[in-house]
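Beneath this line is the structure, given in structure tokens, with notes to follow.
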Amino acid sequence: MSLRARIHSPQDVAAGLLFVAIGIATVVAALDYPMGTVRRFGPGYFPVLLGVLLALLGAAVAIKGIAVRIEDAEPIGPWALRPLILIAAAVIAFALLVRPLGLTVATVALVVISSLAGGRFSLKRVIALSVALVALSAAIFIFTLGLPFNLWPALWN
Amino acid sequence: MELIGNLALGFGVALSPMTLLYCLIGVTAGTLIGVLPGIGPIATVGMLLPITFHLPPVQAIIMLAGIYYGAMYGGSTTAILLKLPGTAASAVACIEGYPMAQQGRAGPALVMTTLASFFGACVAIIIVGAFAPPLAQFALEFGSPEFFSLMLVGLIAAAVLAHGSLLKGLAMAVLGLILGMVGQDVSTGFPRFTFGLGELYEGVKFVIVVVGLFGLAEIVHNIGLGDKREIYAKKVPLRELIPLRRDLRVSFWPMVRGTGIGAVIGILPGAGPAISAFASYAVEKRIAKDPSEFGKGSMAGLVAPEAANNSTAQTAFIPTLTLGVPGDATTAIILGAMLIHGIVPGPKIVTEAPELFWGLIASFWIGNLMLLVLNLPFIGLWVRLLSIPYQILFPSILLFVCIGVFSLNNEPADVIMAAAFGIIGYVFLKLGCEAAPLLLGLILGPMVEENLRRSLQLSRGDPMIFLTRPISLTFLIAGVFLILLVVVPALRKPRKDPTIAAGSKES
Amino acid sequence: MTNRSNWAMLAAAAVAGWLAAGSASAYPTKPITLIVPFPPGGSTDIVGRIIAEGLSKELGQSVVVDNRGGAGGTVGTTAVAKAAPDGYTLGIGSTSSHAVGPATLPKVAYNAVKDFAPISLVGETPYVLAVSPKVTAKTVAELIALAKSKPGQLNYGSAGAGSTTHLAGAMFAAAAGLKMEHIAYKGNGPATKALMSGEVELLMGSMPAVLSQIKGGTIRALAVGTVKRSPALPDVPTMREAGVAGYEASLWLGLVAPAGVPQAVVTRLNQAVHKVVSDPEVAKRLQATGTEPRINTPAEFAKQVQDDLAKYTKIAKDIGAGGS
């Protein structure tokens with residue numbers, strides 16, 4: 001508890017630790033790559049260097065967050081976890097569905113899942129929006145720009 | 001005198017009705033695809049290429065070129081309104097444009113970017129017309145050591161990009177550099193951080209990162225805000241679309257500087273409009289009287305990069321036309337189109353195909369005028385986007401993002417990667433880490449590494465190569481100067497450094 | 001990833017089974033996807049689109065280009081290899097995807113010989129040995145003499161480590177017995193620019209990348225790697241004429257299908273390609289991109305793939321650019 005009281009910027013501490021973790025992970029992954037010589041740097045040279053640099057910068061950020069007093073430092077604030085997960089899920093659903101099942105199914109999945117992310121869920125609005133977006137995107141991307149999308153599942157051809 | 005005669009020839013070609021029509025088609029398509037995130041000029045020019053087989057060469061090239069520079073206009077629209085850059089070059093427009101939109105000044109922001117685009121392009125066209133051959137010679141002087149030194153200065157400038165904590169900005173830039181290492185190493189072909197995925201061999205695509213870090217993260221953030229978002233989404237009356245006289249006044253010199261930076265970078269093959277936009281943003285921030293304004297809707301920080309990327313899009317035709325070396329992927333396709341039509345770009349193009357060269361120059365002007373006329377009336381309409389209920393707006397944005405990213409390579413893995421960057425972007429947003437330095441690191445990192453390693457290979461390991469070449473030496477001195485500018489005041493009065501103090505308020 | 005392709009394969013297999021019931025003589029009855037394993041706008045894409053346009057007319061069904069770039073053409077080519085062998089997914093195969101990629105990249109998910117049914121070559125692009133204006137040598141023999149007088153000092157450029165131009169340059173060095181430094185650039189454009197400015201002394205460039213500079217006089221062509229002289233550069237000798245024995249290499253592009261397509265489909269497509277490529281309009285367009293129209297039989301094409309794969313695998317191993 002006493003440590004917590006001394007943290008002036010939880011944002012900086014968390015960010016700093018994140019940078020340290022990414023830096024270390026980079027170095028670990030890159031240690032397997034050839035380092036090369038001074039005349040011919042290998043592919044591993046820069047990643048290791050940068051990983052170390054990132055870890056050091058991260059440590060500095062974290063230490064500053066603990067030690068340096070900043071007036072009205074911002075708290076991290078509440079995380080919008082539900083929107084975060086659902087928006088990511090909607091995008092991933094589109095990615096997985098668009099090739100096997102076509103643009104229509106993928107669009108509907110995206111609209112339904114993302115609409116669950118925030119505000120009131122209205123079935124009527126979701127249906128209307130899905131229809132409008134399928135029509136609009138088919139008109140722009142398939143018929144005007146000629147992108148190679150299937151509108152319907154491949155089996156229907 | 002000769003220039004006037006040449007321009008008369010050019011306008012004679014460009015003003016024929018059919019040529020005008022193809023120019024209009026090109027710039028309209030360019031604006032449209034510029035607005036749509038993900039779908040960039042590269043794919044569009046590529047897909048329209050077969051159509052041009054059946055057109056006369058001059059009209060074909062004029063249309064394809066129109067798509068290229070037209071996209072520069074459209075790109076900033078969604079960046080300002082939705083924090084969703086339409087093209088890589090307009091990522092910078094998010095930094096100042098989006099806060100302006102939040103303050104209800106989306107109209108002036110859009111009007112001013114359109115004017116800045118027009119200004120930058122028009123000045124750059126004069127440069128192309130008047131000085132193309134000597135400038136091409138300059139591009140040839142610019143070898144690997146020069147590129148390294150220039151990019152290094154750019155990286156140092158990344159430090160000043162951050163408007164919050166300097167340390168965090170540096171860390172984000174380094175993270176961008178690391179991301180830039182993903183893929184096959186240019187010097188050896190060794191795959192790094194690819195985890196065995198073929199999709200990653202050619203690196204992380206810039207557009208995917210931008211769309212995720214900016215666009216998707218912002219959507220999550222907005223939904224998290226709930227009703228608070230509605231404050232700035234209310235209807236904007238028409239007269240608030242018009243920029244104030246003050247906006248015009250503070251924009252003039254930044255536009256001039258942006259145009260100059262953009263013009264120089266366009267001449268260098270391989271640099272591209274995204275770099276020129278970032279560079280001119282960094283310059284504006286560095287020389288601003290009140291840098292704390294940056295990140296909160298600074299007009300100078302918005303218009304300078306916009307003028308710069310349009311200027312680059314025009315001067316990029318200098319190496320393409322006179323050296324036959326494309327400045328970027330889009331001009332590479334346009335070069336291919338010329339070859340198909342039997343036009344051989346190179347030093348002799350100005351004398352051997354004057355009607356093409358000067359016709360193209362004249363069409364640039366006409367095309368930009370069309371873009372101005374096309375874009376200004378639509379601004380009122382674009383601003384209405386903000387008054388659409390978010391419940392309808394955000395699923396629509398998501399869909400356009402998904403389609404755009406997918407169409408980069410018809411690759412579902414790219415879309416999934418965008419989602420991943422969306423999550424990462426949201427985490428950074430919550431932790432008060434800005435994405436802009438990361439993006440600059442991502443663009444510059446691979447070029448810095450590639451050119452450094454190549455230079456040392458060329459000099460057989462002797463680092464003096466960077467100091468014995470005058471252009472390279474000049475850049476390195478400028479870099480040292482920049483570091484002193486940042487470090488010296490910080491050493492003198494560490495507590496009162498404005499960049500650190502600002503860090504506490506920004507998130 | 002595996003899950004997704006399984007899904008796609010399941011769906012595709014269902015389609016294939018369904019179609020097998022119909023007669024092959026009716027082929028094609030629906031649009032065909034032509035996978036171009038490079039992004040839009042590159043030279044492979046341009047050739048792919050020219051061929052797709054011709055095939056659409058010839059087959060009476062639209063042939064839709066699907067660009068799947070990545071990893072030197074191996075990502076899109078993997079998709080061709082894994083597609084249902086029903087004749088409705090075809091691909092543009094090339095020296096990159098069928099010889100250099102498998103020779104230099106670790107973990108290529110297909111066998112360039114066994115997983116494809118070659119249909120016909122479409123075109124061939126010569127490698128051109130070009131030198132910087134700062135190099136005094138006017139012939140290949142003079143260049144070799146120069147390189148031998150300064151071992152290890154001359155630089156040869158390429159469009160990337162493990163790229164076609166890299167291996168072609170290494171093959172030249174091996175054939176002529178030279179020791180030179182390889183300098184990699186990011187793509188053909190920067191490599192050509194480096195040659196023009198003299199940063200590298202020579203480049204084994206692909207014809208489309210260097211043709212305009214050769215014609216403009218900013219770089220010089222000393223030889224072409226093909227068996228016969230190129231119509232685009234009739235005054236430039238072949239490597240053999242210039243006295244370099246055992247150097248024969250070019251970049252080819254051809255139409256391939258996944259292994260296991262019905263013989264009738266292969267025959268029909270081979271006829272169609274021959275007709276398209278023989279059309280003078282199409283030939284003219286291919287030539288403008290630096291690609292010489294070429295056709296052959298599926299058997300000849302198969303042999304070519306096999307030979308090139310062996311050739312590039314050997315040189316990649318010799319210079320240490322091999323994949324594991």
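Chain lettering (A, B, ...) mirrors the order of the structure tokens, residue numbering begins at 1 for each chain separately, and ligand numbering begins at 1 in order of display.
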
With the cut-off set at 6 Å and counting only C-alpha atoms, tabulate each residue of chain B with an atom at most that distance from an atom of chain C, showing the nearest atom pair and its distance in Å to one decimal, ordered by chain and increasing number, as JSON lines.
```
{"residue": "B:Ala43", "atom": "CA", "partner": "C:Pro40", "partner_atom": "CA", "distance": 5.7}
{"residue": "B:Gly46", "atom": "CA", "partner": "C:Gly41", "partner_atom": "CA", "distance": 4.3}
{"residue": "B:Leu140", "atom": "CA", "partner": "C:Ser197", "partner_atom": "CA", "distance": 5.4}
{"residue": "B:Val186", "atom": "CA", "partner": "C:Gly160", "partner_atom": "CA", "distance": 5.7}
{"residue": "B:Ser187", "atom": "CA", "partner": "C:Ala184", "partner_atom": "CA", "distance": 5.4}
{"residue": "B:Thr188", "atom": "CA", "partner": "C:Ala161", "partner_atom": "CA", "distance": 5.1}
{"residue": "B:Gly189", "atom": "CA", "partner": "C:Ala161", "partner_atom": "CA", "distance": 4.8}
{"residue": "B:Gly198", "atom": "CA", "partner": "C:Ala71", "partner_atom": "CA", "distance": 5.7}
{"residue": "B:Glu199", "atom": "CA", "partner": "C:Gly70", "partner_atom": "CA", "distance": 5.8}
{"residue": "B:Tyr201", "atom": "CA", "partner": "C:Ala71", "partner_atom": "CA", "distance": 5.0}
{"residue": "B:Glu202", "atom": "CA", "partner": "C:Ala71", "partner_atom": "CA", "distance": 6.0}
{"residue": "B:Val325", "atom": "CA", "partner": "C:Gly189", "partner_atom": "CA", "distance": 5.4}
{"residue": "B:Ile333", "atom": "CA", "partner": "C:Gly41", "partner_atom": "CA", "distance": 5.0}
{"residue": "B:Leu339", "atom": "CA", "partner": "C:Ala288", "partner_atom": "CA", "distance": 5.7}
{"residue": "B:Ile340", "atom": "CA", "partner": "C:Ala288", "partner_atom": "CA", "distance": 4.6}
{"residue": "B:Val344", "atom": "CA", "partner": "C:Ser212", "partner_atom": "CA", "distance": 5.4}
{"residue": "B:Gly346", "atom": "CA", "partner": "C:Gly216", "partner_atom": "CA", "distance": 5.7}
{"residue": "B:Asn409", "atom": "CA", "partner": "C:Arg68", "partner_atom": "CA", "distance": 5.1}
```

Exercise for review: Please determine the contact residues of chain A with respect to chain B at a cut-off of 6 Å, counting only C-alpha atoms, and supply them as a list of chain:residue names.
Suggested key: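 Selected residues: A:Gln11, A:Ala15, A:Arg39, A:Leu54, A:Leu57, A:Ala73, A:Ile76, A:Ala80, A:Pro83, A:Leu84, A:Ala88, A:Ile92, A:Ala95, A:Val111, A:Gly118.
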
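Minimum distance to C:Val266 across C:Ser278, C:Asn296, C:Thr139, C:Ser120 (counting only C-alpha atoms) occurs at C:Ser120.
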
Counting only C-alpha atoms, give me one row per residue of chain A with an atom at most 12 Å from an atom of chain C, showing the shortest contact pair and its distance in Å to one decimal, sorted by chain then residue number, as a tab-separated table.
```
residue	atom	partner	partner_atom	distance
A:Arg40	CA	C:Ile183	CA	10.9
A:Pro43	CA	C:Ala161	CA	11.9
A:Ile92	CA	C:Arg4	CA	11.9
A:Ala93	CA	C:Arg4	CA	11.5
A:Ala95	CA	C:Arg4	CA	9.9
A:Leu96	CA	C:Arg4	CA	6.9
A:Leu97	CA	C:Arg4	CA	9.1
A:Val98	CA	C:Ala8	CA	10.8
A:Arg99	CA	C:Ala8	CA	7.8
A:Pro100	CA	C:Ala8	CA	5.8
A:Leu101	CA	C:Ala11	CA	9.3
A:Gly102	CA	C:Ala8	CA	11.6
A:Ile142	CA	C:Val64	CA	11.9
A:Gly146	CA	C:Val64	CA	9.3
A:Leu147	CA	C:Asp66	CA	8.4
A:Pro148	CA	C:Asp66	CA	6.2
A:Phe149	CA	C:Asp66	CA	9.3
A:Asn150	CA	C:Thr33	CA	11.2
A:Pro153	CA	C:Ala11	CA	9.3
A:Ala154	CA	C:Ala11	CA	7.5
A:Leu155	CA	C:Val15	CA	6.4
A:Trp156	CA	C:Val15	CA	9.4
A:Asn157	CA	C:Lys30	CA	7.7
```

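Across the model, the gap from atom CA of B:Cys23 to atom CA of C:Ile51 is 27.3 Å.
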
Could you pull the residues within 7 Å of stretch 48-53 of chain A, counting only C-alpha atoms, minus those fewer than 4 positions along the same chain, as an mmCIF file with C-alpha atoms, in the first residue's frame?
```cif
data_model
loop_
_atom_site.group_PDB
_atom_site.id
_atom_site.type_symbol
_atom_site.label_atom_id
_atom_site.label_comp_id
_atom_site.auth_asym_id
_atom_site.auth_seq_id
_atom_site.Cartn_x
_atom_site.Cartn_y
_atom_site.Cartn_z
ATOM 1 C CA GLY A 23 11.908 -4.813 -25.385
ATOM 2 C CA ILE A 24 12.934 -8.005 -23.617
ATOM 3 C CA THR A 26 12.331 -8.501 -28.908
ATOM 4 C CA VAL A 27 15.823 -9.253 -27.665
ATOM 5 C CA ALA A 30 16.270 -11.765 -32.076
ATOM 6 C CA LEU A 31 19.083 -13.550 -30.223
ATOM 7 C CA GLY A 44 20.037 -9.705 -35.667
ATOM 8 C CA LEU A 57 13.451 3.709 -22.188
ATOM 9 C CA VAL B 174 11.721 2.752 -30.990
ATOM 10 C CA ILE B 178 11.119 -2.669 -34.107
#
```

Exercise for review: Could you check how far atom CA of A:Ala135 sits from atom CA of A:Thr104, in Å to one decimal?
Suggested key: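 Computing the Euclidean distance for atom CA of A:Ala135 and atom CA of A:Thr104 yields 9.0 Å.
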
Check your understanding: So which bits of stretch 101-152 of chain A end up helix (DSSP H, G or I) when you DSSP the backbone, as a PyMOL selection string?
Key -> chain A and resi 101-115+123-144

Exercise for review: Measure the distance from atom CA of B:Ala435 to atom CA of B:Phe148 in Å and round it to one decimal.
Suggested key: 23.5 Å

Point to revise | Those in stretch 49-115 of chain C with strand (DSSP E or B) from DSSP, as an NGL selection string | key: :C and (63-67 or 89-94)

Review point. Counting only C-alpha atoms, what is within 12 Å of B:Ala14, bar same-chain residues fewer than 3 positions away, as a count of residues only?
Key: 32

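The closest residue to C:Ser97, picked from C:Val261, C:Leu309, C:Ile295, C:Leu233 and counting only C-alpha atoms, is C:Leu309.
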
Practice item. Considering only C-alpha atoms, return as JSON, numbers by chain whatever protein or nucleic-acid residues lie within 9 Å of stretch 120-131 of chain B, sequence-local ones (same chain, fewer than 2 positions apart) excluded. Key: {"B": [3, 7, 69, 115, 116, 117, 118, 133, 134, 135, 136, 255, 256, 258, 259, 260, 262, 263, 304, 306, 307, 308, 309, 310, 311, 312, 313, 314, 315, 316, 317, 318, 357, 358, 361, 362, 364, 365, 368]}

How would the residues just chosen look if you wrote them out with N, CA and C atoms as a compact mmCIF listing (two decimals), in the first residue's frame?
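What follows is the written file result12.txt:
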```
# COMPACT_ATOMS: atom_id res chain seq x y z
N LEU B 3 9.48 28.17 -71.72
CA LEU B 3 8.53 27.53 -70.81
C LEU B 3 7.10 27.84 -71.23
N LEU B 7 4.29 25.27 -72.25
CA LEU B 7 3.02 25.17 -71.53
C LEU B 7 1.84 25.31 -72.49
N TYR B 69 -2.66 11.66 -57.59
CA TYR B 69 -2.65 12.87 -56.78
C TYR B 69 -4.04 13.20 -56.23
N LEU B 115 -7.48 23.62 -49.45
CA LEU B 115 -6.71 24.73 -49.98
C LEU B 115 -5.21 24.45 -49.91
N ALA B 116 -4.78 23.84 -48.81
CA ALA B 116 -3.36 23.52 -48.66
C ALA B 116 -2.93 22.52 -49.73
N SER B 117 -3.80 21.53 -49.98
CA SER B 117 -3.49 20.55 -51.02
C SER B 117 -3.30 21.24 -52.35
N PHE B 118 -4.23 22.14 -52.65
CA PHE B 118 -4.19 22.84 -53.93
C PHE B 118 -2.93 23.68 -54.04
N PRO B 133 14.71 18.27 -65.36
CA PRO B 133 15.99 17.59 -65.64
C PRO B 133 17.10 17.87 -64.62
N PRO B 134 17.37 19.12 -64.23
CA PRO B 134 18.44 19.29 -63.23
C PRO B 134 18.12 18.63 -61.89
N LEU B 135 16.83 18.63 -61.50
CA LEU B 135 16.49 18.01 -60.23
C LEU B 135 16.69 16.50 -60.28
N ALA B 136 16.46 15.92 -61.45
CA ALA B 136 16.67 14.48 -61.59
C ALA B 136 18.13 14.16 -61.32
N MET B 255 2.15 26.45 -45.03
CA MET B 255 1.90 25.84 -46.34
C MET B 255 3.12 25.98 -47.24
N VAL B 256 3.75 27.14 -47.19
CA VAL B 256 4.94 27.36 -48.02
C VAL B 256 6.05 26.40 -47.61
N GLY B 258 5.76 23.56 -45.96
CA GLY B 258 5.34 22.20 -46.26
C GLY B 258 5.56 21.87 -47.73
N THR B 259 5.19 22.82 -48.58
CA THR B 259 5.36 22.61 -50.02
C THR B 259 6.83 22.40 -50.36
N GLY B 260 7.69 23.20 -49.76
CA GLY B 260 9.12 23.08 -50.04
C GLY B 260 9.66 21.73 -49.60
N GLY B 262 7.98 19.01 -49.05
CA GLY B 262 7.36 17.97 -49.87
C GLY B 262 8.00 17.87 -51.24
N ALA B 263 8.32 19.01 -51.83
CA ALA B 263 8.90 19.01 -53.17
C ALA B 263 10.25 18.31 -53.16
N ALA B 304 0.44 22.24 -43.05
CA ALA B 304 1.79 22.04 -43.59
C ALA B 304 1.97 20.62 -44.14
N GLU B 306 -0.26 18.61 -45.14
CA GLU B 306 -1.17 18.42 -46.26
C GLU B 306 -0.58 19.03 -47.54
N ALA B 307 -0.03 20.23 -47.41
CA ALA B 307 0.64 20.83 -48.56
C ALA B 307 1.83 19.96 -48.97
N ALA B 308 2.52 19.41 -47.97
CA ALA B 308 3.72 18.62 -48.25
C ALA B 308 3.39 17.35 -49.02
N ASN B 309 2.35 16.62 -48.61
CA ASN B 309 2.13 15.35 -49.32
C ASN B 309 1.62 15.55 -50.73
N ASN B 310 0.89 16.64 -50.95
CA ASN B 310 0.47 16.92 -52.33
C ASN B 310 1.63 17.38 -53.19
N SER B 311 2.49 18.16 -52.58
CA SER B 311 3.67 18.61 -53.30
C SER B 311 4.53 17.40 -53.69
N THR B 312 4.68 16.46 -52.75
CA THR B 312 5.44 15.25 -53.04
C THR B 312 4.82 14.45 -54.17
N ALA B 313 3.49 14.35 -54.14
CA ALA B 313 2.81 13.56 -55.17
C ALA B 313 3.09 14.13 -56.56
N GLN B 314 3.31 15.41 -56.66
CA GLN B 314 3.61 16.00 -57.97
C GLN B 314 5.08 15.85 -58.33
N THR B 315 5.98 16.20 -57.39
CA THR B 315 7.40 16.15 -57.76
C THR B 315 7.89 14.71 -57.89
N ALA B 316 7.12 13.74 -57.36
CA ALA B 316 7.49 12.33 -57.54
C ALA B 316 7.53 11.97 -59.02
N PHE B 317 6.89 12.79 -59.85
CA PHE B 317 6.92 12.51 -61.28
C PHE B 317 8.26 12.89 -61.91
N ILE B 318 9.07 13.66 -61.17
CA ILE B 318 10.37 14.04 -61.75
C ILE B 318 11.25 12.81 -61.96
N PHE B 357 4.90 14.96 -71.99
CA PHE B 357 5.47 15.61 -70.82
C PHE B 357 4.72 16.89 -70.46
N TRP B 358 4.58 17.77 -71.42
CA TRP B 358 3.93 19.04 -71.12
C TRP B 358 2.42 18.88 -70.98
N ILE B 361 1.98 17.81 -67.44
CA ILE B 361 2.15 18.95 -66.53
C ILE B 361 0.89 19.82 -66.54
N ALA B 362 0.41 20.13 -67.74
CA ALA B 362 -0.78 20.98 -67.84
C ALA B 362 -1.98 20.28 -67.21
N PHE B 364 -1.94 18.25 -64.77
CA PHE B 364 -1.83 18.31 -63.31
C PHE B 364 -2.55 19.55 -62.79
N TRP B 365 -2.31 20.65 -63.47
CA TRP B 365 -2.94 21.89 -63.04
C TRP B 365 -4.45 21.81 -63.15
N ASN B 368 -5.88 19.47 -60.58
CA ASN B 368 -5.94 20.03 -59.24
C ASN B 368 -7.05 21.06 -59.11
```

**Study point:** Given only C-alpha atoms as the counted atoms, nearest of A:Val20, A:Leu103, A:Val28, A:Val108 to A:Ala128
**Key:** A:Val108
